file upload.txt (compact mmCIF, N, CA and C atoms)
# COMPACT_ATOMS: atom_id res chain seq x y z
N MET A 1 26.29 20.65 -57.13
CA MET A 1 25.37 21.32 -58.03
C MET A 1 24.04 20.56 -58.15
N THR A 2 24.14 19.24 -58.27
CA THR A 2 22.94 18.43 -58.38
C THR A 2 22.11 18.52 -57.11
N ASN A 3 22.77 18.60 -55.98
CA ASN A 3 22.08 18.73 -54.70
C ASN A 3 21.30 20.04 -54.63
N ILE A 4 21.89 21.10 -55.14
CA ILE A 4 21.23 22.41 -55.14
C ILE A 4 19.98 22.37 -56.01
N ILE A 5 20.08 21.75 -57.16
CA ILE A 5 18.92 21.65 -58.07
C ILE A 5 17.83 20.81 -57.44
N ALA A 6 18.19 19.69 -56.83
CA ALA A 6 17.20 18.83 -56.18
C ALA A 6 16.50 19.56 -55.04
N THR A 7 17.26 20.31 -54.26
CA THR A 7 16.68 21.09 -53.16
C THR A 7 15.74 22.16 -53.70
N PHE A 8 16.16 22.83 -54.78
CA PHE A 8 15.31 23.86 -55.38
C PHE A 8 14.00 23.26 -55.88
N ILE A 9 14.07 22.11 -56.54
CA ILE A 9 12.86 21.49 -57.08
C ILE A 9 11.94 21.00 -55.96
N GLN A 10 12.53 20.45 -54.89
CA GLN A 10 11.72 20.04 -53.74
C GLN A 10 11.03 21.26 -53.10
N THR A 11 11.76 22.36 -53.01
CA THR A 11 11.19 23.59 -52.45
C THR A 11 10.08 24.11 -53.36
N LEU A 12 10.29 24.01 -54.66
CA LEU A 12 9.25 24.41 -55.62
C LEU A 12 7.99 23.57 -55.44
N GLY A 13 8.15 22.26 -55.25
CA GLY A 13 7.00 21.39 -55.00
C GLY A 13 6.26 21.77 -53.74
N GLN A 14 7.00 22.09 -52.68
CA GLN A 14 6.36 22.52 -51.44
C GLN A 14 5.65 23.86 -51.60
N ALA A 15 6.24 24.74 -52.39
CA ALA A 15 5.60 26.04 -52.64
C ALA A 15 4.30 25.85 -53.41
N LEU A 16 4.31 24.95 -54.39
CA LEU A 16 3.09 24.68 -55.14
C LEU A 16 2.01 24.07 -54.25
N GLU A 17 2.41 23.21 -53.33
CA GLU A 17 1.44 22.67 -52.37
C GLU A 17 0.83 23.78 -51.52
N LEU A 18 1.68 24.67 -51.05
CA LEU A 18 1.19 25.79 -50.24
C LEU A 18 0.24 26.67 -51.04
N ILE A 19 0.59 26.95 -52.28
CA ILE A 19 -0.28 27.76 -53.14
C ILE A 19 -1.63 27.06 -53.33
N GLY A 20 -1.60 25.75 -53.55
CA GLY A 20 -2.84 25.00 -53.73
C GLY A 20 -3.73 25.07 -52.50
N VAL A 21 -3.14 24.88 -51.34
CA VAL A 21 -3.91 24.94 -50.09
C VAL A 21 -4.45 26.35 -49.87
N LEU A 22 -3.61 27.36 -50.14
CA LEU A 22 -4.06 28.75 -49.97
C LEU A 22 -5.20 29.09 -50.93
N CYS A 23 -5.14 28.58 -52.15
CA CYS A 23 -6.24 28.81 -53.11
C CYS A 23 -7.55 28.26 -52.57
N ILE A 24 -7.49 27.06 -52.00
CA ILE A 24 -8.70 26.46 -51.45
C ILE A 24 -9.20 27.24 -50.24
N VAL A 25 -8.29 27.58 -49.33
CA VAL A 25 -8.69 28.27 -48.10
C VAL A 25 -9.22 29.67 -48.40
N PHE A 26 -8.45 30.45 -49.19
CA PHE A 26 -8.92 31.80 -49.51
C PHE A 26 -10.16 31.77 -50.39
N GLY A 27 -10.26 30.79 -51.26
CA GLY A 27 -11.47 30.64 -52.07
C GLY A 27 -12.68 30.38 -51.20
N PHE A 28 -12.51 29.54 -50.18
CA PHE A 28 -13.59 29.26 -49.24
C PHE A 28 -14.00 30.53 -48.50
N ILE A 29 -13.00 31.28 -48.04
CA ILE A 29 -13.29 32.51 -47.30
C ILE A 29 -14.00 33.53 -48.20
N LEU A 30 -13.45 33.74 -49.40
CA LEU A 30 -14.06 34.71 -50.31
C LEU A 30 -15.46 34.31 -50.73
N ALA A 31 -15.66 33.01 -51.01
CA ALA A 31 -17.00 32.54 -51.40
C ALA A 31 -17.99 32.71 -50.26
N THR A 32 -17.55 32.43 -49.04
CA THR A 32 -18.43 32.57 -47.89
C THR A 32 -18.80 34.03 -47.65
N VAL A 33 -17.81 34.92 -47.74
CA VAL A 33 -18.08 36.34 -47.56
C VAL A 33 -19.01 36.86 -48.67
N ALA A 34 -18.75 36.49 -49.91
CA ALA A 34 -19.60 36.94 -51.02
C ALA A 34 -21.01 36.40 -50.90
N ALA A 35 -21.14 35.15 -50.49
CA ALA A 35 -22.48 34.58 -50.31
C ALA A 35 -23.19 35.26 -49.14
N GLY A 36 -22.46 35.55 -48.08
CA GLY A 36 -23.05 36.25 -46.95
C GLY A 36 -23.53 37.64 -47.33
N ARG A 37 -22.74 38.35 -48.13
CA ARG A 37 -23.15 39.68 -48.59
C ARG A 37 -24.39 39.59 -49.47
N ARG A 38 -24.41 38.60 -50.35
CA ARG A 38 -25.60 38.43 -51.20
C ARG A 38 -26.82 38.07 -50.37
N LEU A 39 -26.61 37.29 -49.34
CA LEU A 39 -27.72 36.89 -48.47
C LEU A 39 -28.29 38.11 -47.75
N LEU A 40 -27.42 39.01 -47.29
CA LEU A 40 -27.88 40.20 -46.59
C LEU A 40 -28.59 41.19 -47.51
N HIS A 41 -28.14 41.26 -48.77
CA HIS A 41 -28.69 42.24 -49.69
C HIS A 41 -29.73 41.69 -50.65
N ALA A 42 -29.98 40.41 -50.59
CA ALA A 42 -30.92 39.81 -51.54
C ALA A 42 -32.35 39.97 -51.04
N SER A 43 -33.21 40.36 -51.96
CA SER A 43 -34.62 40.47 -51.59
C SER A 43 -35.28 39.09 -51.60
N ASN A 44 -34.82 38.23 -52.49
CA ASN A 44 -35.35 36.86 -52.51
C ASN A 44 -34.19 35.89 -52.27
N ARG A 45 -34.30 35.12 -51.23
CA ARG A 45 -33.24 34.17 -50.88
C ARG A 45 -33.63 32.80 -51.43
N ASN A 46 -33.28 32.57 -52.66
CA ASN A 46 -33.69 31.34 -53.30
C ASN A 46 -32.51 30.44 -53.64
N HIS A 47 -32.74 29.55 -54.55
CA HIS A 47 -31.75 28.54 -54.93
C HIS A 47 -30.53 29.16 -55.61
N SER A 48 -30.66 30.33 -56.19
CA SER A 48 -29.52 30.93 -56.91
C SER A 48 -28.37 31.28 -55.96
N LEU A 49 -28.66 31.66 -54.74
CA LEU A 49 -27.61 31.95 -53.77
C LEU A 49 -26.83 30.69 -53.43
N PHE A 50 -27.55 29.60 -53.23
CA PHE A 50 -26.91 28.33 -52.94
C PHE A 50 -26.04 27.88 -54.12
N ARG A 51 -26.56 28.03 -55.32
CA ARG A 51 -25.81 27.67 -56.53
C ARG A 51 -24.56 28.55 -56.67
N PHE A 52 -24.69 29.84 -56.41
CA PHE A 52 -23.54 30.75 -56.46
C PHE A 52 -22.46 30.30 -55.48
N TYR A 53 -22.86 29.96 -54.27
CA TYR A 53 -21.90 29.55 -53.24
C TYR A 53 -21.20 28.25 -53.63
N ARG A 54 -21.97 27.27 -54.11
CA ARG A 54 -21.38 25.99 -54.53
C ARG A 54 -20.42 26.17 -55.69
N HIS A 55 -20.79 26.99 -56.65
CA HIS A 55 -19.92 27.23 -57.81
C HIS A 55 -18.64 27.96 -57.39
N SER A 56 -18.76 28.91 -56.49
CA SER A 56 -17.58 29.62 -56.02
C SER A 56 -16.63 28.67 -55.29
N LEU A 57 -17.18 27.81 -54.45
CA LEU A 57 -16.35 26.84 -53.74
C LEU A 57 -15.71 25.86 -54.72
N ALA A 58 -16.47 25.40 -55.70
CA ALA A 58 -15.95 24.44 -56.67
C ALA A 58 -14.80 25.04 -57.47
N ARG A 59 -14.93 26.31 -57.85
CA ARG A 59 -13.84 26.96 -58.61
C ARG A 59 -12.55 27.02 -57.79
N SER A 60 -12.66 27.39 -56.53
CA SER A 60 -11.45 27.49 -55.71
C SER A 60 -10.83 26.12 -55.46
N VAL A 61 -11.65 25.10 -55.29
CA VAL A 61 -11.12 23.75 -55.10
C VAL A 61 -10.44 23.26 -56.37
N LEU A 62 -11.04 23.54 -57.52
CA LEU A 62 -10.43 23.13 -58.79
C LEU A 62 -9.06 23.77 -59.00
N ILE A 63 -8.97 25.05 -58.74
CA ILE A 63 -7.69 25.74 -58.90
C ILE A 63 -6.67 25.17 -57.92
N GLY A 64 -7.09 24.97 -56.68
CA GLY A 64 -6.19 24.40 -55.69
C GLY A 64 -5.73 23.00 -56.06
N LEU A 65 -6.65 22.19 -56.61
CA LEU A 65 -6.29 20.83 -57.02
C LEU A 65 -5.23 20.82 -58.12
N GLU A 66 -5.30 21.76 -59.03
CA GLU A 66 -4.30 21.83 -60.09
C GLU A 66 -2.90 22.03 -59.51
N PHE A 67 -2.79 22.93 -58.54
CA PHE A 67 -1.50 23.17 -57.91
C PHE A 67 -1.04 21.95 -57.10
N LEU A 68 -1.97 21.30 -56.41
CA LEU A 68 -1.61 20.14 -55.60
C LEU A 68 -1.16 18.96 -56.45
N VAL A 69 -1.80 18.74 -57.59
CA VAL A 69 -1.37 17.67 -58.49
C VAL A 69 0.02 17.97 -59.03
N ALA A 70 0.26 19.21 -59.43
CA ALA A 70 1.59 19.59 -59.92
C ALA A 70 2.65 19.36 -58.84
N ALA A 71 2.33 19.71 -57.61
CA ALA A 71 3.28 19.52 -56.51
C ALA A 71 3.55 18.04 -56.28
N ASP A 72 2.52 17.22 -56.33
CA ASP A 72 2.71 15.78 -56.15
C ASP A 72 3.60 15.19 -57.24
N ILE A 73 3.38 15.61 -58.46
CA ILE A 73 4.20 15.11 -59.57
C ILE A 73 5.65 15.52 -59.38
N ILE A 74 5.88 16.78 -59.06
CA ILE A 74 7.25 17.26 -58.86
C ILE A 74 7.93 16.52 -57.71
N ARG A 75 7.21 16.36 -56.61
CA ARG A 75 7.80 15.67 -55.45
C ARG A 75 8.14 14.23 -55.77
N THR A 76 7.27 13.55 -56.51
CA THR A 76 7.51 12.15 -56.83
C THR A 76 8.65 11.99 -57.82
N VAL A 77 8.70 12.84 -58.83
CA VAL A 77 9.73 12.73 -59.85
C VAL A 77 11.10 13.06 -59.28
N THR A 78 11.18 14.03 -58.38
CA THR A 78 12.48 14.42 -57.83
C THR A 78 12.92 13.53 -56.69
N GLY A 79 11.99 12.76 -56.12
CA GLY A 79 12.35 11.87 -55.02
C GLY A 79 12.87 10.55 -55.55
N ASP A 80 12.93 9.59 -54.67
CA ASP A 80 13.34 8.25 -55.07
C ASP A 80 12.23 7.63 -55.90
N LEU A 81 12.53 7.30 -57.13
CA LEU A 81 11.53 6.68 -58.00
C LEU A 81 11.52 5.18 -57.73
N ASN A 82 10.54 4.76 -56.97
CA ASN A 82 10.33 3.34 -56.77
C ASN A 82 8.87 3.02 -57.08
N LEU A 83 8.56 1.77 -57.17
CA LEU A 83 7.22 1.35 -57.57
C LEU A 83 6.17 1.82 -56.58
N GLU A 84 6.48 1.79 -55.31
CA GLU A 84 5.51 2.21 -54.29
C GLU A 84 5.19 3.71 -54.42
N GLY A 85 6.22 4.54 -54.62
CA GLY A 85 6.01 5.97 -54.77
C GLY A 85 5.20 6.32 -56.00
N VAL A 86 5.49 5.63 -57.10
CA VAL A 86 4.74 5.88 -58.33
C VAL A 86 3.30 5.42 -58.19
N ALA A 87 3.08 4.29 -57.51
CA ALA A 87 1.72 3.79 -57.30
C ALA A 87 0.92 4.75 -56.42
N ILE A 88 1.56 5.28 -55.39
CA ILE A 88 0.88 6.25 -54.52
C ILE A 88 0.53 7.50 -55.31
N LEU A 89 1.48 7.99 -56.12
CA LEU A 89 1.21 9.16 -56.95
C LEU A 89 0.07 8.89 -57.91
N ALA A 90 0.06 7.73 -58.54
CA ALA A 90 -1.01 7.40 -59.48
C ALA A 90 -2.37 7.40 -58.78
N GLY A 91 -2.41 6.86 -57.58
CA GLY A 91 -3.67 6.86 -56.81
C GLY A 91 -4.13 8.26 -56.46
N ILE A 92 -3.21 9.08 -56.02
CA ILE A 92 -3.54 10.46 -55.66
C ILE A 92 -4.03 11.23 -56.88
N VAL A 93 -3.31 11.10 -57.99
CA VAL A 93 -3.69 11.81 -59.21
C VAL A 93 -5.05 11.31 -59.71
N LEU A 94 -5.29 10.01 -59.65
CA LEU A 94 -6.57 9.47 -60.09
C LEU A 94 -7.73 10.02 -59.26
N ILE A 95 -7.55 10.03 -57.95
CA ILE A 95 -8.58 10.57 -57.06
C ILE A 95 -8.83 12.04 -57.37
N ARG A 96 -7.77 12.80 -57.58
CA ARG A 96 -7.92 14.23 -57.85
C ARG A 96 -8.52 14.48 -59.23
N ILE A 97 -8.23 13.61 -60.19
CA ILE A 97 -8.84 13.76 -61.51
C ILE A 97 -10.34 13.52 -61.43
N VAL A 98 -10.75 12.48 -60.73
CA VAL A 98 -12.18 12.19 -60.59
C VAL A 98 -12.87 13.33 -59.84
N LEU A 99 -12.23 13.82 -58.79
CA LEU A 99 -12.80 14.95 -58.06
C LEU A 99 -12.89 16.18 -58.95
N GLY A 100 -11.86 16.44 -59.74
CA GLY A 100 -11.88 17.57 -60.66
C GLY A 100 -12.99 17.44 -61.70
N MET A 101 -13.17 16.23 -62.25
CA MET A 101 -14.25 16.02 -63.23
C MET A 101 -15.61 16.25 -62.58
N THR A 102 -15.76 15.79 -61.36
CA THR A 102 -17.02 15.98 -60.64
C THR A 102 -17.29 17.46 -60.41
N LEU A 103 -16.27 18.20 -60.01
CA LEU A 103 -16.45 19.64 -59.79
C LEU A 103 -16.72 20.38 -61.09
N GLU A 104 -16.07 19.97 -62.18
CA GLU A 104 -16.34 20.59 -63.48
C GLU A 104 -17.80 20.36 -63.87
N ALA A 105 -18.29 19.14 -63.66
CA ALA A 105 -19.69 18.84 -63.97
C ALA A 105 -20.61 19.68 -63.09
N GLU A 106 -20.22 19.87 -61.85
CA GLU A 106 -21.00 20.71 -60.94
C GLU A 106 -21.08 22.14 -61.45
N LEU A 107 -19.98 22.66 -61.95
CA LEU A 107 -19.97 24.03 -62.46
C LEU A 107 -20.82 24.16 -63.72
N ARG A 108 -20.91 23.10 -64.51
CA ARG A 108 -21.73 23.12 -65.73
C ARG A 108 -23.18 22.80 -65.45
N ASP A 109 -23.49 22.42 -64.21
CA ASP A 109 -24.84 21.97 -63.84
C ASP A 109 -25.28 20.81 -64.72
N ALA A 110 -24.39 19.87 -64.92
CA ALA A 110 -24.67 18.72 -65.77
C ALA A 110 -24.26 17.45 -65.05
N PRO A 111 -24.88 16.33 -65.42
CA PRO A 111 -24.41 15.06 -64.86
C PRO A 111 -22.96 14.82 -65.26
N LEU A 112 -22.26 14.00 -64.51
CA LEU A 112 -20.82 13.82 -64.68
C LEU A 112 -20.43 13.41 -66.09
N PHE A 113 -21.11 12.46 -66.69
CA PHE A 113 -20.71 11.96 -67.99
C PHE A 113 -21.67 12.41 -69.10
N CYS A 114 -22.40 13.46 -68.87
CA CYS A 114 -23.37 13.95 -69.84
C CYS A 114 -22.71 14.36 -71.15
N GLY A 115 -21.60 15.07 -71.08
CA GLY A 115 -20.92 15.53 -72.29
C GLY A 115 -20.43 14.39 -73.14
N TRP A 116 -19.99 13.30 -72.51
CA TRP A 116 -19.50 12.15 -73.27
C TRP A 116 -20.63 11.47 -74.02
N ARG A 117 -21.78 11.35 -73.38
CA ARG A 117 -22.92 10.71 -74.05
C ARG A 117 -23.41 11.56 -75.21
N THR A 118 -23.51 12.85 -74.99
CA THR A 118 -23.97 13.75 -76.02
C THR A 118 -23.02 13.74 -77.21
N HIS A 119 -21.72 13.74 -76.93
CA HIS A 119 -20.72 13.75 -77.99
C HIS A 119 -20.80 12.46 -78.82
N SER A 120 -20.97 11.33 -78.15
CA SER A 120 -21.01 10.07 -78.88
C SER A 120 -22.27 9.96 -79.73
N LYS A 121 -23.40 10.55 -79.28
CA LYS A 121 -24.61 10.52 -80.08
C LYS A 121 -24.46 11.37 -81.33
N LYS A 122 -23.80 12.55 -81.20
CA LYS A 122 -23.63 13.41 -82.35
C LYS A 122 -22.69 12.79 -83.39
N SER A 123 -21.65 12.09 -82.92
CA SER A 123 -20.69 11.54 -83.86
C SER A 123 -21.22 10.31 -84.56
N SER A 124 -22.26 9.64 -84.01
CA SER A 124 -22.79 8.45 -84.65
C SER A 124 -23.79 8.79 -85.75
N ARG A 125 -24.21 10.03 -85.81
CA ARG A 125 -25.21 10.42 -86.82
C ARG A 125 -24.60 10.79 -88.11
call {"tool": "encode", "arguments": {"input": "upload.txt", "output": "structure tokens"}}
result
Amino acid sequence: MTNIIATFIQTLGQALELIGVLCIVFGFILATVAAGRRLLHASNRNHSLFRFYRHSLARSVLIGLEFLVAADIIRTVTGDLNLEGVAILAGIVLIRIVLGMTLEAELRDAPLFCGWRTHSKKSSR
């Protein structure tokens, strides 16, 4: 019974990885097609098209990263818990968190730590 549960959870982790990769790939394809359509139909080809494309790509990468982090956590927890595996997971999650924060800042059109500085200034007053 325990073997069946472990196999199911490992399969779930692999499915989440696949979903994450598919989100990124299909997001890239959809963003490229939408940007191409806008480029063909736009009377003025300015910075807004580039911003639209970057934001569309960032959204798909963010969604894909969420699934990939979940898959990594599931795979690590269900596998052999040793110090090396946990350290590798921590490194992967840290890299993905920083990448996610960077993409979130990109979507807000703000510097990476702008919200933190603004928040600290308001709370000190």
call {"tool": "atom_distance", "arguments": {"input": "upload.txt", "atom1": "atom N of Ile19 in chain A", "atom2": "atom C of Thr7 in chain A"}}
result
16.0 Å
call {"tool": "residues_around", "arguments": {"input": "upload.txt", "residues": "Leu30 in chain A", "least_positions_apart": "6", "cutoff": "8 Å", "atoms": "only N, CA and C atoms", "output": "PDB file with N, CA and C atoms, in the frame of the given file"}}
result
ATOM      1  N   ILE A  24      -7.490  27.060 -52.000  1.00  0.00           N
ATOM      2  CA  ILE A  24      -8.700  26.460 -51.450  1.00  0.00           C
ATOM      3  C   ILE A  24      -9.200  27.240 -50.240  1.00  0.00           C
ATOM      4  N   GLY A  36     -22.460  35.550 -48.080  1.00  0.00           N
ATOM      5  CA  GLY A  36     -23.050  36.250 -46.950  1.00  0.00           C
ATOM      6  C   GLY A  36     -23.530  37.640 -47.330  1.00  0.00           C
ATOM      7  N   SER A  56     -18.760  28.910 -56.490  1.00  0.00           N
ATOM      8  CA  SER A  56     -17.580  29.620 -56.020  1.00  0.00           C
ATOM      9  C   SER A  56     -16.630  28.670 -55.290  1.00  0.00           C
ATOM     10  N   LEU A  57     -17.180  27.810 -54.450  1.00  0.00           N
ATOM     11  CA  LEU A  57     -16.350  26.840 -53.740  1.00  0.00           C
ATOM     12  C   LEU A  57     -15.710  25.860 -54.720  1.00  0.00           C
TER      13      LEU A  57
END
call {"tool": "residues_around", "arguments": {"input": "upload.txt", "residues": "Phe67 in chain A", "least_positions_apart": "3", "cutoff": "7 Å", "atoms": "all atoms listed in the file", "output": "list in words"}}
result
Leu16, Glu17, Ile19, Gly20, Val21, Leu62, Ile63, Gly64, Ala70, Ala71 and Asp72 of chain A
call {"tool": "atom_distance", "arguments": {"input": "upload.txt", "atom1": "CA of Ala6 in chain A", "atom2": "CA of Ile88 in chain A"}}
result
20.7 Å
call {"tool": "atom_distance", "arguments": {"input": "upload.txt", "atom1": "CA of Phe26 in chain A", "atom2": "CA of Glu66 in chain A"}}
result
15.3 Å
call {"tool": "closest_residue", "arguments": {"input": "upload.txt", "among": "A:Val69, A:Thr32, A:Arg108, A:Val77", "to": "Val93 in chain A", "atoms": "only C-alpha atoms"}}
result
A:Val69
call {"tool": "closest_residue", "arguments": {"input": "upload.txt", "among": "A:Arg75, A:Arg54, A:Arg96, A:Arg59", "to": "Ala35 in chain A", "atoms": "only C-alpha atoms"}}
result
A:Arg54
